[in-house]
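Student: Got a file for you: coords_33.cif, mmCIF, C-alpha atoms.
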data_input
#
loop_
_atom_site.label_atom_id
_atom_site.label_comp_id
_atom_site.auth_asym_id
_atom_site.auth_seq_id
_atom_site.Cartn_x
_atom_site.Cartn_y
_atom_site.Cartn_z
CA MET A 34 18.89 53.03 27.37
CA ASN A 35 16.21 55.51 26.28
CA ASP A 36 12.90 54.86 24.49
CA LEU A 37 14.44 55.50 21.08
CA GLU A 38 17.19 52.93 21.51
CA ARG A 39 14.74 50.45 23.05
CA GLY A 40 12.43 50.91 20.04
CA TYR A 41 15.26 50.36 17.57
CA ARG A 42 16.45 47.27 19.45
CA ARG A 43 12.91 45.83 19.34
CA LEU A 44 12.80 46.32 15.56
CA LEU A 45 16.30 44.92 15.06
CA ALA A 46 15.27 41.81 17.00
CA LEU A 47 13.09 40.95 14.01
CA TYR A 48 16.16 40.37 11.84
CA PRO A 49 17.68 36.86 11.53
CA ARG A 50 19.97 35.96 14.40
CA ALA A 51 22.95 35.54 12.05
CA HIS A 52 22.41 39.02 10.59
CA ARG A 53 21.95 40.60 14.03
CA THR A 54 25.15 39.04 15.32
CA VAL A 55 27.14 40.68 12.54
CA HIS A 56 25.23 43.91 11.87
CA GLY A 57 23.00 44.51 14.94
CA GLU A 58 25.15 46.99 16.88
CA GLU A 59 26.35 48.63 13.68
CA MET A 60 22.77 49.20 12.45
CA LEU A 61 21.81 50.56 15.85
CA GLY A 62 24.68 53.05 15.59
CA VAL A 63 23.55 54.18 12.12
CA LEU A 64 19.93 54.51 13.28
CA LEU A 65 20.93 56.56 16.34
CA ASP A 66 23.26 58.73 14.22
CA GLY A 67 20.37 59.56 11.90
CA ALA A 68 17.69 59.91 14.57
CA GLY A 69 18.16 63.64 15.21
CA ASN A 70 15.79 64.83 17.95
CA ARG A 71 13.34 61.94 17.63
CA SER A 72 12.33 60.21 20.83
CA ARG A 73 10.86 57.13 19.09
CA PRO A 74 11.42 55.40 15.73
CA GLY A 75 9.43 57.16 12.98
CA LYS A 76 6.70 55.38 10.97
CA ALA A 77 8.64 55.42 7.69
CA GLU A 78 11.76 54.18 9.47
CA THR A 79 9.81 51.41 11.19
CA LEU A 80 8.32 50.27 7.87
CA ASP A 81 11.76 50.39 6.25
CA LEU A 82 13.25 48.21 9.02
CA LEU A 83 10.34 45.76 8.81
CA ARG A 84 10.74 45.51 5.03
CA GLY A 85 14.51 45.07 5.44
CA ALA A 86 13.97 42.30 8.00
CA VAL A 87 11.63 40.46 5.62
CA GLN A 88 14.11 40.82 2.74
CA VAL A 89 17.05 39.56 4.80
CA HIS A 90 14.97 36.66 6.22
CA TRP A 91 13.87 35.72 2.72
CA ARG A 92 17.37 35.89 1.30
CA HIS A 93 18.88 33.92 4.17
CA ALA A 94 16.09 31.35 3.97
CA LEU A 95 16.93 30.66 0.33
CA SER A 96 20.67 31.15 0.50
CA GLY A 97 23.19 28.70 1.80
CA ASN A 98 23.83 25.37 0.16
CA GLY A 99 22.12 23.50 3.00
CA ARG A 100 18.71 25.03 2.37
CA ARG A 101 18.97 24.95 -1.42
CA ASP A 102 20.05 21.33 -1.24
CA ALA A 103 17.18 20.43 1.10
CA LEU A 104 14.65 22.00 -1.26
CA ALA A 105 16.28 20.30 -4.26
CA MET A 106 15.85 16.94 -2.48
CA VAL A 107 12.20 17.79 -1.77
CA SER A 108 11.70 18.76 -5.43
CA LEU A 109 12.90 15.29 -6.44
CA PHE A 110 11.14 13.17 -3.82
CA ALA A 111 7.87 15.01 -3.16
CA PRO A 112 6.43 14.46 -6.67
CA LEU A 113 7.21 10.74 -6.39
CA LEU A 114 5.77 10.53 -2.88
CA LEU A 115 2.64 12.27 -4.15
CA LEU A 116 2.06 9.32 -6.45
CA THR A 117 1.04 7.36 -3.34
CA GLY A 118 -2.10 9.48 -3.47
CA ALA A 119 -2.98 7.61 -6.67
CA ALA A 120 -3.87 4.62 -4.45
CA SER A 121 -7.31 6.14 -3.85
CA THR A 122 -7.74 6.40 -7.63
CA VAL A 123 -6.82 2.74 -8.05
CA ARG A 124 -9.33 1.73 -5.36
CA GLU A 125 -12.02 3.89 -6.93
CA ILE A 126 -11.44 2.47 -10.41
CA ARG A 127 -11.59 -1.03 -8.99
CA SER A 128 -14.90 -0.43 -7.23
CA VAL A 129 -16.51 1.33 -10.22
CA SER A 130 -15.43 -1.45 -12.58
CA ARG A 131 -17.38 -3.92 -10.39
CA MET A 132 -20.60 -1.93 -10.81
CA ASP A 133 -23.26 -2.90 -13.31
CA GLY A 134 -24.02 -0.73 -16.29
CA TRP A 135 -20.76 1.27 -16.48
CA PRO A 136 -22.12 4.48 -14.88
CA LEU A 137 -20.38 7.33 -16.75
CA ARG A 138 -20.59 9.81 -13.88
CA MET A 139 -18.89 7.36 -11.52
CA TRP A 140 -16.14 6.73 -14.04
CA LEU A 141 -15.54 10.45 -14.50
CA SER A 142 -15.29 10.85 -10.73
CA ALA A 143 -12.95 7.84 -10.42
CA LEU A 144 -10.63 9.07 -13.16
CA ALA A 145 -10.79 12.79 -12.32
CA ASP A 146 -7.43 12.92 -10.53
CA VAL A 147 -5.52 10.72 -13.00
CA PRO A 148 -4.22 13.86 -14.81
CA VAL A 149 -2.92 15.17 -11.46
CA TRP A 150 -0.75 12.12 -10.76
CA THR A 151 0.33 12.02 -14.42
CA LEU A 152 1.40 15.67 -14.22
CA TRP A 153 3.40 15.02 -11.04
CA LEU A 154 5.14 12.05 -12.62
CA ALA A 155 5.88 14.18 -15.70
CA ALA A 156 7.17 17.04 -13.49
CA ALA A 157 9.62 14.68 -11.76
CA VAL A 158 10.84 13.09 -15.02
CA VAL A 159 11.18 16.44 -16.83
CA GLY A 160 12.95 17.92 -13.80
CA VAL A 161 15.45 15.04 -13.65
CA CYS A 162 16.10 15.59 -17.38
CA GLY A 163 17.14 19.16 -16.50
CA LEU A 164 14.15 21.02 -17.99
CA ARG A 165 13.62 23.08 -14.87
CA ARG A 166 11.10 25.65 -16.14
CA ALA A 167 8.90 22.94 -17.63
CA SER A 168 9.02 20.96 -14.37
CA VAL A 169 8.02 24.07 -12.38
CA ALA A 170 5.09 24.75 -14.74
CA LEU A 171 3.93 21.12 -14.51
CA ALA A 172 4.25 21.18 -10.71
CA TRP A 173 1.97 24.23 -10.32
CA LEU A 174 -0.45 22.83 -12.92
CA ALA A 175 -0.64 19.58 -10.95
CA THR A 176 -1.20 21.49 -7.69
CA ALA A 177 -3.97 23.56 -9.29
CA GLY A 178 -5.45 20.35 -10.70
CA LEU A 179 -5.46 18.67 -7.29
CA LEU A 180 -7.19 21.67 -5.71
CA ALA A 181 -9.72 21.81 -8.57
CA VAL A 182 -10.54 18.11 -8.24
CA ALA A 183 -10.88 18.44 -4.46
CA VAL A 184 -13.30 21.35 -4.80
CA LEU A 185 -15.25 20.19 -7.85
CA ASP A 186 -15.78 16.59 -6.80
CA PRO A 187 -16.87 16.84 -3.16
CA ALA A 188 -18.49 13.38 -3.14
CA ARG A 189 -15.15 11.67 -3.41
CA HIS A 190 -12.46 14.28 -2.85
CA TRP A 191 -13.76 16.71 -0.27
CA ALA A 192 -12.88 14.44 2.62
CA VAL A 193 -10.49 17.01 4.00
CA ASP A 194 -8.65 14.56 6.25
CA VAL A 195 -7.71 12.56 3.15
CA THR A 196 -7.00 15.37 0.73
CA ALA A 197 -5.24 17.92 2.98
CA GLY A 198 -1.98 15.97 3.27
CA TRP A 199 -1.68 15.62 -0.51
CA VAL A 200 -2.65 19.25 -1.14
CA LEU A 201 -0.05 20.49 1.36
CA LEU A 202 2.68 18.18 0.06
CA SER A 203 1.74 19.29 -3.45
CA VAL A 204 2.16 22.97 -2.51
CA PHE A 205 5.47 22.22 -0.71
CA ALA A 206 6.69 20.32 -3.79
CA ALA A 207 5.71 23.11 -6.19
CA ILE A 208 7.44 25.73 -4.00
CA ALA A 209 10.56 23.52 -3.74
CA MET A 210 10.56 23.07 -7.53
CA THR A 211 10.29 26.84 -8.00
CA VAL A 212 12.92 28.11 -5.55
CA SER A 213 15.49 25.29 -5.61
CA PRO A 214 17.95 24.21 -8.33
CA GLY A 215 15.45 21.41 -9.09
CA PRO A 216 15.14 17.60 -9.14
CA ARG A 217 18.26 17.10 -11.26
CA HIS A 218 20.36 18.73 -8.52
CA GLY A 219 18.48 16.65 -5.94
CA LEU A 220 19.39 13.47 -7.82
CA ALA A 221 23.04 14.55 -8.04
CA LEU A 222 23.05 15.00 -4.25
CA LEU A 223 21.25 11.80 -3.37
CA GLY A 224 22.27 9.37 -6.09
CA ARG A 225 20.31 6.67 -7.87
CA TRP A 226 20.44 4.21 -4.98
CA ARG A 227 18.52 6.57 -2.70
CA LEU A 228 16.10 7.36 -5.52
CA ALA A 229 15.51 3.60 -5.88
CA VAL A 230 14.81 3.42 -2.10
CA LEU A 231 12.14 6.12 -2.39
CA VAL A 232 10.58 4.58 -5.52
CA SER A 233 10.44 1.24 -3.67
CA THR A 234 8.83 2.96 -0.68
CA VAL A 235 6.17 4.48 -2.94
CA ALA A 236 5.55 1.08 -4.56
CA VAL A 237 5.15 -0.61 -1.15
CA LEU A 238 2.85 2.16 0.07
CA LEU A 239 0.73 1.89 -3.08
CA ALA A 240 0.48 -1.88 -2.60
CA LEU A 241 -0.43 -1.54 1.09
CA THR A 242 -2.98 1.22 0.51
CA THR A 243 -4.74 -0.51 -2.35
CA THR A 244 -4.96 -3.86 -0.56
CA ALA A 245 -5.90 -2.61 2.97
CA ARG A 246 -9.56 -3.24 3.83
CA GLY A 247 -12.08 -3.86 6.61
CA MET A 248 -11.13 -4.50 10.22
CA HIS A 249 -7.42 -4.26 9.60
CA LEU A 250 -7.57 -0.63 8.51
CA PRO A 251 -6.09 1.03 11.67
CA LEU A 252 -3.26 -1.50 11.75
CA ALA A 253 -2.71 -0.98 8.01
CA GLU A 254 -2.51 2.78 8.58
CA LEU A 255 0.16 2.28 11.23
CA VAL A 256 2.14 -0.02 8.95
CA GLN A 257 1.85 2.52 6.11
CA LEU A 258 3.05 5.29 8.42
CA ALA A 259 6.03 3.19 9.53
CA VAL A 260 6.94 2.36 5.91
CA LEU A 261 6.63 6.03 4.98
CA VAL A 262 8.88 7.24 7.81
CA VAL A 263 11.51 4.51 7.39
CA GLY A 264 11.49 4.89 3.59
CA VAL A 265 11.84 8.69 3.63
CA PHE A 266 14.58 8.60 6.29
CA ALA A 267 16.47 5.92 4.35
CA ALA A 268 16.12 7.81 1.09
CA CYS A 269 17.07 11.26 2.40
CA ARG A 270 20.64 11.67 3.55
CA VAL A 271 19.60 12.28 7.18
CA SER A 272 23.19 12.35 8.42
CA THR A 273 23.35 15.81 6.82
CA ARG A 274 21.40 18.92 7.86
CA SER A 275 19.91 19.32 4.38
CA GLY A 276 18.78 15.69 4.38
CA ARG A 277 17.03 16.09 7.75
CA ARG A 278 15.32 19.25 6.51
CA ALA A 279 14.14 17.49 3.37
CA ALA A 280 12.78 14.54 5.39
CA LEU A 281 10.95 16.96 7.68
CA LEU A 282 9.31 18.81 4.79
CA LEU A 283 8.25 15.54 3.17
CA LEU A 284 6.86 13.94 6.31
CA VAL A 285 5.13 16.76 8.20
CA PRO A 286 2.05 17.09 5.96
CA LEU A 287 1.56 13.35 5.59
CA ILE A 288 1.93 12.64 9.33
CA ALA A 289 0.37 15.76 10.87
CA VAL A 290 -2.85 15.58 8.84
CA PRO A 291 -4.00 12.07 9.90
CA VAL A 292 -2.91 12.74 13.51
CA VAL A 293 -4.88 16.00 13.65
CA ALA A 294 -7.87 14.31 12.00
CA ARG A 295 -7.84 11.54 14.61
CA VAL A 296 -7.54 13.97 17.53
CA LEU A 297 -10.31 16.26 16.25
CA GLY A 298 -12.45 13.22 15.48
CA ARG A 299 -12.16 12.05 19.10
CA LEU A 300 -12.95 15.56 20.32
CA ASP A 301 -15.97 15.65 17.99
CA ALA A 302 -14.67 18.95 16.60
CA TYR A 303 -15.54 18.44 12.95
CA THR A 304 -16.62 22.06 12.40
CA VAL A 305 -13.04 23.36 12.81
CA LEU A 306 -11.49 20.36 11.01
CA PRO A 307 -10.82 21.99 7.58
CA VAL A 308 -9.07 25.02 9.09
CA VAL A 309 -7.06 23.16 11.73
CA ILE A 310 -6.05 20.32 9.46
CA TYR A 311 -4.33 22.75 7.09
CA ALA A 312 -3.05 25.10 9.79
CA VAL A 313 -1.30 22.55 12.03
CA PRO A 314 1.13 21.10 9.44
CA ILE A 315 1.96 24.60 8.17
CA VAL A 316 2.58 25.88 11.71
CA VAL A 317 4.68 22.81 12.57
CA THR A 318 6.77 23.20 9.39
CA LEU A 319 7.24 26.94 9.89
CA GLY A 320 8.08 26.35 13.55
CA PHE A 321 10.83 23.90 12.64
CA ALA A 322 12.03 26.25 9.88
CA VAL A 323 12.24 29.18 12.31
CA LEU A 324 14.09 27.07 14.90
CA LEU A 325 16.59 25.81 12.31
CA HIS A 326 16.97 29.35 10.97
CA ARG A 327 17.54 30.91 14.41
CA PHE A 328 20.20 28.42 15.35
CA ASP A 329 22.12 28.81 12.12
CA ARG A 330 25.61 30.20 12.52
CA PRO A 331 26.28 33.74 11.37
CA PRO A 332 27.74 34.02 7.86
CA HIS A 333 31.48 34.51 7.45
CA THR A 334 32.54 38.09 6.83
CA ASN A 335 35.83 39.44 5.53
CA ARG A 336 37.68 41.57 8.05
CA ASN A 337 41.01 43.13 7.38
CA MET B 162 26.80 37.14 -11.53
CA ASN B 163 23.57 39.02 -12.14
CA ASP B 164 23.81 40.84 -15.51
CA GLY B 165 20.40 42.52 -15.42
CA ALA B 166 19.88 46.21 -14.70
CA LEU B 167 20.79 47.24 -11.15
CA ARG B 168 18.02 48.70 -9.04
CA GLU B 169 18.45 52.34 -8.10
CA PRO B 170 19.40 51.82 -4.40
CA THR B 171 21.95 49.15 -5.37
CA PHE B 172 23.46 51.42 -8.04
CA LEU B 173 23.70 54.33 -5.60
CA VAL B 174 25.26 52.23 -2.81
CA LEU B 175 27.90 50.86 -5.21
CA THR B 176 28.54 54.40 -6.48
CA ALA B 177 28.94 55.70 -2.93
CA LEU B 178 31.61 53.06 -2.27
CA ALA B 179 33.39 53.46 -5.63
CA ALA B 180 35.92 56.14 -4.63
CA GLN B 181 36.68 55.13 -1.05
CA PRO B 182 35.50 52.88 1.80
CA GLN B 183 32.62 54.31 3.83
CA HIS B 184 30.68 53.35 6.95
CA GLY B 185 26.91 52.81 6.89
CA TYR B 186 25.87 56.30 7.94
CA GLY B 187 28.39 57.78 5.49
CA VAL B 188 26.83 55.77 2.65
CA LEU B 189 23.36 57.06 3.57
CA ARG B 190 24.52 60.68 3.48
CA ASP B 191 26.55 60.16 0.30
CA VAL B 192 23.62 58.59 -1.55
CA GLU B 193 21.59 61.69 -0.74
CA THR B 194 24.41 63.90 -2.13
CA ILE B 195 24.90 61.77 -5.29
CA SER B 196 21.19 61.84 -6.08
CA GLY B 197 20.94 65.59 -5.49
CA GLY B 198 18.66 64.99 -2.51
CA GLN B 199 16.15 62.98 -4.58
CA VAL B 200 16.89 59.62 -2.95
CA THR B 201 16.97 59.14 0.81
CA LEU B 202 18.02 55.64 1.79
CA ARG B 203 17.15 54.35 5.25
CA ALA B 204 19.05 51.86 7.37
CA GLY B 205 16.70 48.91 6.64
CA THR B 206 17.10 49.31 2.87
CA LEU B 207 20.86 49.94 3.14
CA TYR B 208 21.63 46.86 5.22
CA ALA B 209 19.36 44.60 3.15
CA ALA B 210 21.34 45.85 0.11
CA LEU B 211 24.73 45.39 1.85
CA ASP B 212 23.70 41.87 2.90
CA ARG B 213 22.90 41.02 -0.72
CA LEU B 214 25.94 42.79 -2.18
CA SER B 215 28.30 41.05 0.27
CA ALA B 216 26.81 37.69 -0.73
CA GLU B 217 27.38 38.59 -4.40
CA GLY B 218 31.00 39.45 -3.57
CA TRP B 219 30.63 43.04 -4.81
CA VAL B 220 31.19 44.66 -1.40
CA GLU B 221 33.32 43.64 1.57
CA VAL B 222 34.23 44.91 5.00
CA ASP B 223 37.27 47.21 4.95
CA ARG B 224 37.77 47.94 8.66
CA GLU B 225 35.97 48.57 11.93
CA GLU B 226 36.16 51.48 14.37
CA VAL B 227 34.50 52.34 17.64
CA VAL B 228 33.41 55.99 17.75
CA ASP B 229 31.55 57.32 20.83
CA SER B 230 31.21 53.69 21.96
CA ARG B 231 29.34 52.86 18.73
CA LEU B 232 30.61 50.31 16.21
CA ARG B 233 31.40 51.70 12.77
CA ARG B 234 32.11 49.22 10.02
CA TYR B 235 33.58 50.51 6.78
CA TYR B 236 32.69 48.84 3.49
CA ARG B 237 34.61 48.91 0.22
CA LEU B 238 33.87 47.97 -3.36
CA THR B 239 35.58 44.77 -4.53
CA GLU B 240 37.01 44.29 -8.03
CA PRO B 241 33.96 42.24 -9.18
CA GLY B 242 31.80 45.00 -7.66
CA ALA B 243 33.71 47.68 -9.59
CA THR B 244 33.39 45.65 -12.81
CA ARG B 245 29.64 45.28 -12.26
CA LEU B 246 29.24 49.00 -11.56
CA ALA B 247 31.24 49.87 -14.69
CA ALA B 248 28.99 47.58 -16.77
CA GLU B 249 25.92 49.29 -15.32
CA VAL B 250 27.36 52.74 -16.06
CA GLN B 251 27.95 51.73 -19.70
CA ARG B 252 24.44 50.31 -19.98
CA ARG B 253 22.95 53.54 -18.60
CA GLN B 254 25.19 55.65 -20.87
CA ARG B 255 24.04 53.70 -23.95
CA HIS B 256 20.41 54.29 -23.04
CA THR B 257 21.03 57.95 -22.24
CA THR B 258 22.88 58.49 -25.53
CA ALA B 259 20.08 56.81 -27.46
CA ALA B 260 17.50 58.96 -25.68
CA GLU B 261 19.48 62.14 -26.46
CA GLN B 262 19.78 61.21 -30.14
CA ARG B 263 16.04 60.52 -30.43
CA LEU B 264 15.24 63.83 -28.78
CA GLN B 265 17.60 65.64 -31.18
CA LEU B 266 15.88 63.94 -34.12
CA ARG B 267 12.54 64.99 -32.74
CA SER B 268 13.75 68.62 -32.51
CA ALA B 269 15.24 68.48 -36.02
CA GLU B 270 11.94 67.24 -37.50
CA GLY B 271 10.06 70.02 -35.76
CA LEU B 272 7.92 67.73 -33.63
CA ALA B 273 8.68 69.63 -30.46
#
Written as structure tokens, that's how I'd like the structure from this file.

Tutor:
Amino acid sequence: MNDLERGYRRLLALYPRAHRTVHGEEMLGVLLDGAGNRSRPGKAETLDLLRGAVQVHWRHALSGNGRRDALAMVSLFAPLLLLTGAASTVREIRSVSRMDGWPLRMWLSALADVPVWTLWLAAAVVGVCGLRRASVALAWLATAGLLAVAVLDPARHWAVDVTAGWVLLSVFAAIAMTVSPGPRHGLALLGRWRLAVLVSTVAVLLALTTTARGMHLPLAELVQLAVLVVGVFAACRVSTRSGRRAALLLLVPLIAVPVVARVLGRLDAYTVLPVVIYAVPIVVTLGFAVLLHRFDRPPHTNRN
Amino acid sequence: MNDGALREPTFLVLTALAAQPQHGYGVLRDVETISGGQVTLRAGTLYAALDRLSAEGWVEVDREEVVDSRLRRYYRLTEPGATRLAAEVQRRQRHTTAAEQRLQLRSAEGLA
């Protein structure tokens, strides 16, 4: 094997495994046929192969019923799960209402994220009704709203270890809404019984989060985590690959963020907290996605 | 089925396969001939297009050969692929005809 072939093989290794299995040797043959007297892959050719690899990865990532179904499930459940974030709003409203003199600024702060949760609820309802474009628009509006509230109201919302999980789940939900067939398809896959399980899980989590206080907080957090995991696993059809993927996407941001926050807190590494707390769940999710993608079977091809 | 306008590489790949099955390198050379040397497809673009076109059901594998110990896979246009290409040809012809008529009008009115 000469340098040219080695170079081409290195570039072809960037393609999805399924694509390489079917087209790898064939592409290598075409590249070598067209190489002429070159001793290494040219710059334009390298860029073309890199762009092709990205296109094929992207198409494969979104094709296949398994992936589309997983994202449709996420587009149904993530907006509902996000409503658990409204617990902090409920707590805030409760504490402000106990104050003397009805301080306007405190009320504005307490109610600032109410539109966000309302938009997410509307996105889910509109999506289930089949109005996909409207649900996508509402999802991105809600995500932008959550980011705006987090940045503009640092006193209450810039606690990154609290907000990061919701922001990440919000972004995941908006992406799932955009690239999948939508919540209506998710409901058709999962059925009303599983939807009822997730709605119940959200209701229990809201109740637990709004009533937890004082010394029992760490125990309450563990109980909430257990309810979240059990509820999401029961609601997603985890016996199927798409169900497991959906559960993973729903749980990673909400589990990884508090775990990372705890670890960094113990290490007294607060300066890197904002970066790491967003990076870890994204890396974990992408890592799982790459693993699932690499171990997918090659697509069926017609051969006569 | 996607009814929008086909992108140029897609149109040229389908055209290259319209008359007979061809292998990847043959398609690359044929695209250059069809476009009068104006379009040079590379392997990355070709196989991304073939991957997409196979998924659409417009192109399928015809046969495989081993030449000089290298795998050659021949692709052919399917019936849905031929229908889609014909629709694109008609769309382009309509636009071309309209453009020609407007240019003739322009000449007739002495705007040139």

Student: For the structure shown, which residues end up in the PyMOL selection byres ((chain B) within 10 of (chain A))? Put them as a ChimeraX atom specification, please?

Tutor: /B:184-187,189-190,202-210,212-213,215-216,220-225,227-236

Student: Please compute the CA of Pro214 in chain A-CA of Val149 in chain A distance, one decimal, in Å.

Tutor: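 We find that CA of Pro214 in chain A and CA of Val149 in chain A lie 23.0 Å from each other.
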
Student: Could you write out as a list in words the residues that the PyMOL selection byres ((chain B and resi 173-180) around 9) matches in the shown file?

Tutor: Arg168, Glu169, Pro170, Thr171, Phe172, Gln181, Pro182, Gln183, Gly187, Val188, Leu189, Asp191, Val192, Ile195, Ser196, Leu207, Ala210, Leu211, Leu214, Trp219, Val220, Tyr236, Arg237, Leu238, Gly242, Ala243 and Leu246 of chain B

Student: Put those residues in a file: C-alpha atoms, as a compact mmCIF listing (two decimals), in the frame of the given file.

Tutor:
# COMPACT_ATOMS: atom_id res chain seq x y z
CA ARG B 168 18.02 48.70 -9.04
CA GLU B 169 18.45 52.34 -8.10
CA PRO B 170 19.40 51.82 -4.40
CA THR B 171 21.95 49.15 -5.37
CA PHE B 172 23.46 51.42 -8.04
CA GLN B 181 36.68 55.13 -1.05
CA PRO B 182 35.50 52.88 1.80
CA GLN B 183 32.62 54.31 3.83
CA GLY B 187 28.39 57.78 5.49
CA VAL B 188 26.83 55.77 2.65
CA LEU B 189 23.36 57.06 3.57
CA ASP B 191 26.55 60.16 0.30
CA VAL B 192 23.62 58.59 -1.55
CA ILE B 195 24.90 61.77 -5.29
CA SER B 196 21.19 61.84 -6.08
CA LEU B 207 20.86 49.94 3.14
CA ALA B 210 21.34 45.85 0.11
CA LEU B 211 24.73 45.39 1.85
CA LEU B 214 25.94 42.79 -2.18
CA TRP B 219 30.63 43.04 -4.81
CA VAL B 220 31.19 44.66 -1.40
CA TYR B 236 32.69 48.84 3.49
CA ARG B 237 34.61 48.91 0.22
CA LEU B 238 33.87 47.97 -3.36
CA GLY B 242 31.80 45.00 -7.66
CA ALA B 243 33.71 47.68 -9.59
CA LEU B 246 29.24 49.00 -11.56

Student: Quick one: pull the distance between CA of Val230 in chain A and CA of Leu258 in chain A, Å, one decimal.

Tutor: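 Answer for the CA of Val230 in chain A to CA of Leu258 in chain A separation: 15.9 Å.
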
Student: Between CA of Met106 in chain A and CA of Gly276 in chain A, what is the spacing in Å?

Tutor: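 Separating CA of Gly276 in chain A from CA of Met106 in chain A is a distance of 7.6 Å.
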
Student: Could you name the residues that touch Val235 in chain A at 8 Å or less, counting all atoms listed in the file, but leaving out those on the same chain fewer than 2 positions away, as a list in words?

Tutor: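 Within the cut-off, the hits are Leu113, Leu114, Leu116, Thr117, Leu231, Val232, Ser233, Val237, Leu238 and Leu239 of chain A.
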
Student: Tell me, as a list in words, which residues lie within 10 Å of Ala177 in chain A, counting all atoms listed in the file; anything in the same chain fewer than 5 positions away does not count.

Tutor: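 Result of the neighbour search: Val149, Leu171, Ala172, Val182, Ala183, Val200, Ser203 and Val204 of chain A.
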
Student: Running the PyMOL selection byres ((chain A and resi 284) around 12) on this model by hand, what would come out? Give it as a PyMOL selection string.

Tutor: chain A and resi 107+110-111+114-115+198-199+201-202+205-206+258-266+269+277-283+285-291+314-315+317-318

Student: Would you please work out which residue, of B:Pro241, B:Leu167, B:Gln251, B:Ala260, is nearest to Gly218 in chain B when using all atoms listed in the file?

Tutor: B:Pro241

Student: Which residues are close to Ser108 in chain A, i.e. within 8 Å by all atoms listed in the file, leaving aside same-chain residues fewer than 2 positions away? Reply as a list in words.

Tutor: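 Residues near the query, excluding close chain neighbours: Leu104, Ala105, Met106, Phe110, Ala111, Pro112, Ala157, Ala206, Ala207, Ala209, Met210, Ser213, Gly215, Pro216 and Gly219 of chain A.
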
Student: Give the centre and edge lengths of an axis-aligned box, in Å to one decimal, that holds all listed atoms of range 243-253 of chain B with 4 Å on each side, as JSON.

Tutor:
{"center_x": 28.3, "center_y": 49.4, "center_z": -14.8, "size_x": 18.8, "size_y": 16.3, "size_z": 18.4}

Student: Mind checking which residues fall within 10 Å of Ala120 in chain A, counting all atoms listed in the file, ignoring those fewer than 2 positions away in the same chain, and posting them as a ChimeraX atom specification?

Tutor: /A:116-118,122-126,238-244

Student: Using all atoms listed in the file, which of the listed residues (A:Val169, A:Pro148, A:Leu223, A:Leu154) sits closest to Ala181 in chain A?

Tutor: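 Smallest separation from Ala181 in chain A among the options: A:Pro148.
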
Student: Could I get range 191-223 of chain B from the block written as a compact mmCIF listing (two decimals), in the first residue's frame, with C-alpha atoms?

Tutor:
# COMPACT_ATOMS: atom_id res chain seq x y z
CA ASP B 191 -19.50 11.14 -18.39
CA VAL B 192 -20.63 14.10 -16.29
CA GLU B 193 -17.59 16.01 -17.53
CA THR B 194 -18.52 15.13 -21.14
CA ILE B 195 -22.23 16.01 -20.71
CA SER B 196 -21.39 19.39 -19.19
CA GLY B 197 -18.84 20.18 -21.90
CA GLY B 198 -16.05 20.13 -19.32
CA GLN B 199 -17.75 22.77 -17.15
CA VAL B 200 -18.59 20.44 -14.26
CA THR B 201 -16.04 18.12 -12.69
CA LEU B 202 -17.58 15.88 -10.06
CA ARG B 203 -15.33 14.27 -7.46
CA ALA B 204 -15.78 10.96 -5.69
CA GLY B 205 -17.03 12.48 -2.39
CA THR B 206 -19.81 14.41 -4.14
CA LEU B 207 -20.69 11.47 -6.41
CA TYR B 208 -21.06 8.92 -3.62
CA ALA B 209 -22.98 11.31 -1.37
CA ALA B 210 -25.35 11.80 -4.34
CA LEU B 211 -25.56 8.04 -5.06
CA ASP B 212 -26.27 7.37 -1.38
CA ARG B 213 -29.16 9.86 -1.49
CA LEU B 214 -30.46 8.73 -4.89
CA SER B 215 -30.43 5.05 -3.84
CA ALA B 216 -32.43 5.97 -0.73
CA GLU B 217 -34.93 7.83 -2.94
CA GLY B 218 -35.20 4.72 -5.13
CA TRP B 219 -34.08 6.61 -8.25
CA VAL B 220 -30.85 4.64 -8.72
CA GLU B 221 -29.96 1.02 -7.97
CA VAL B 222 -27.03 -1.33 -8.31
CA ASP B 223 -26.98 -3.11 -11.69
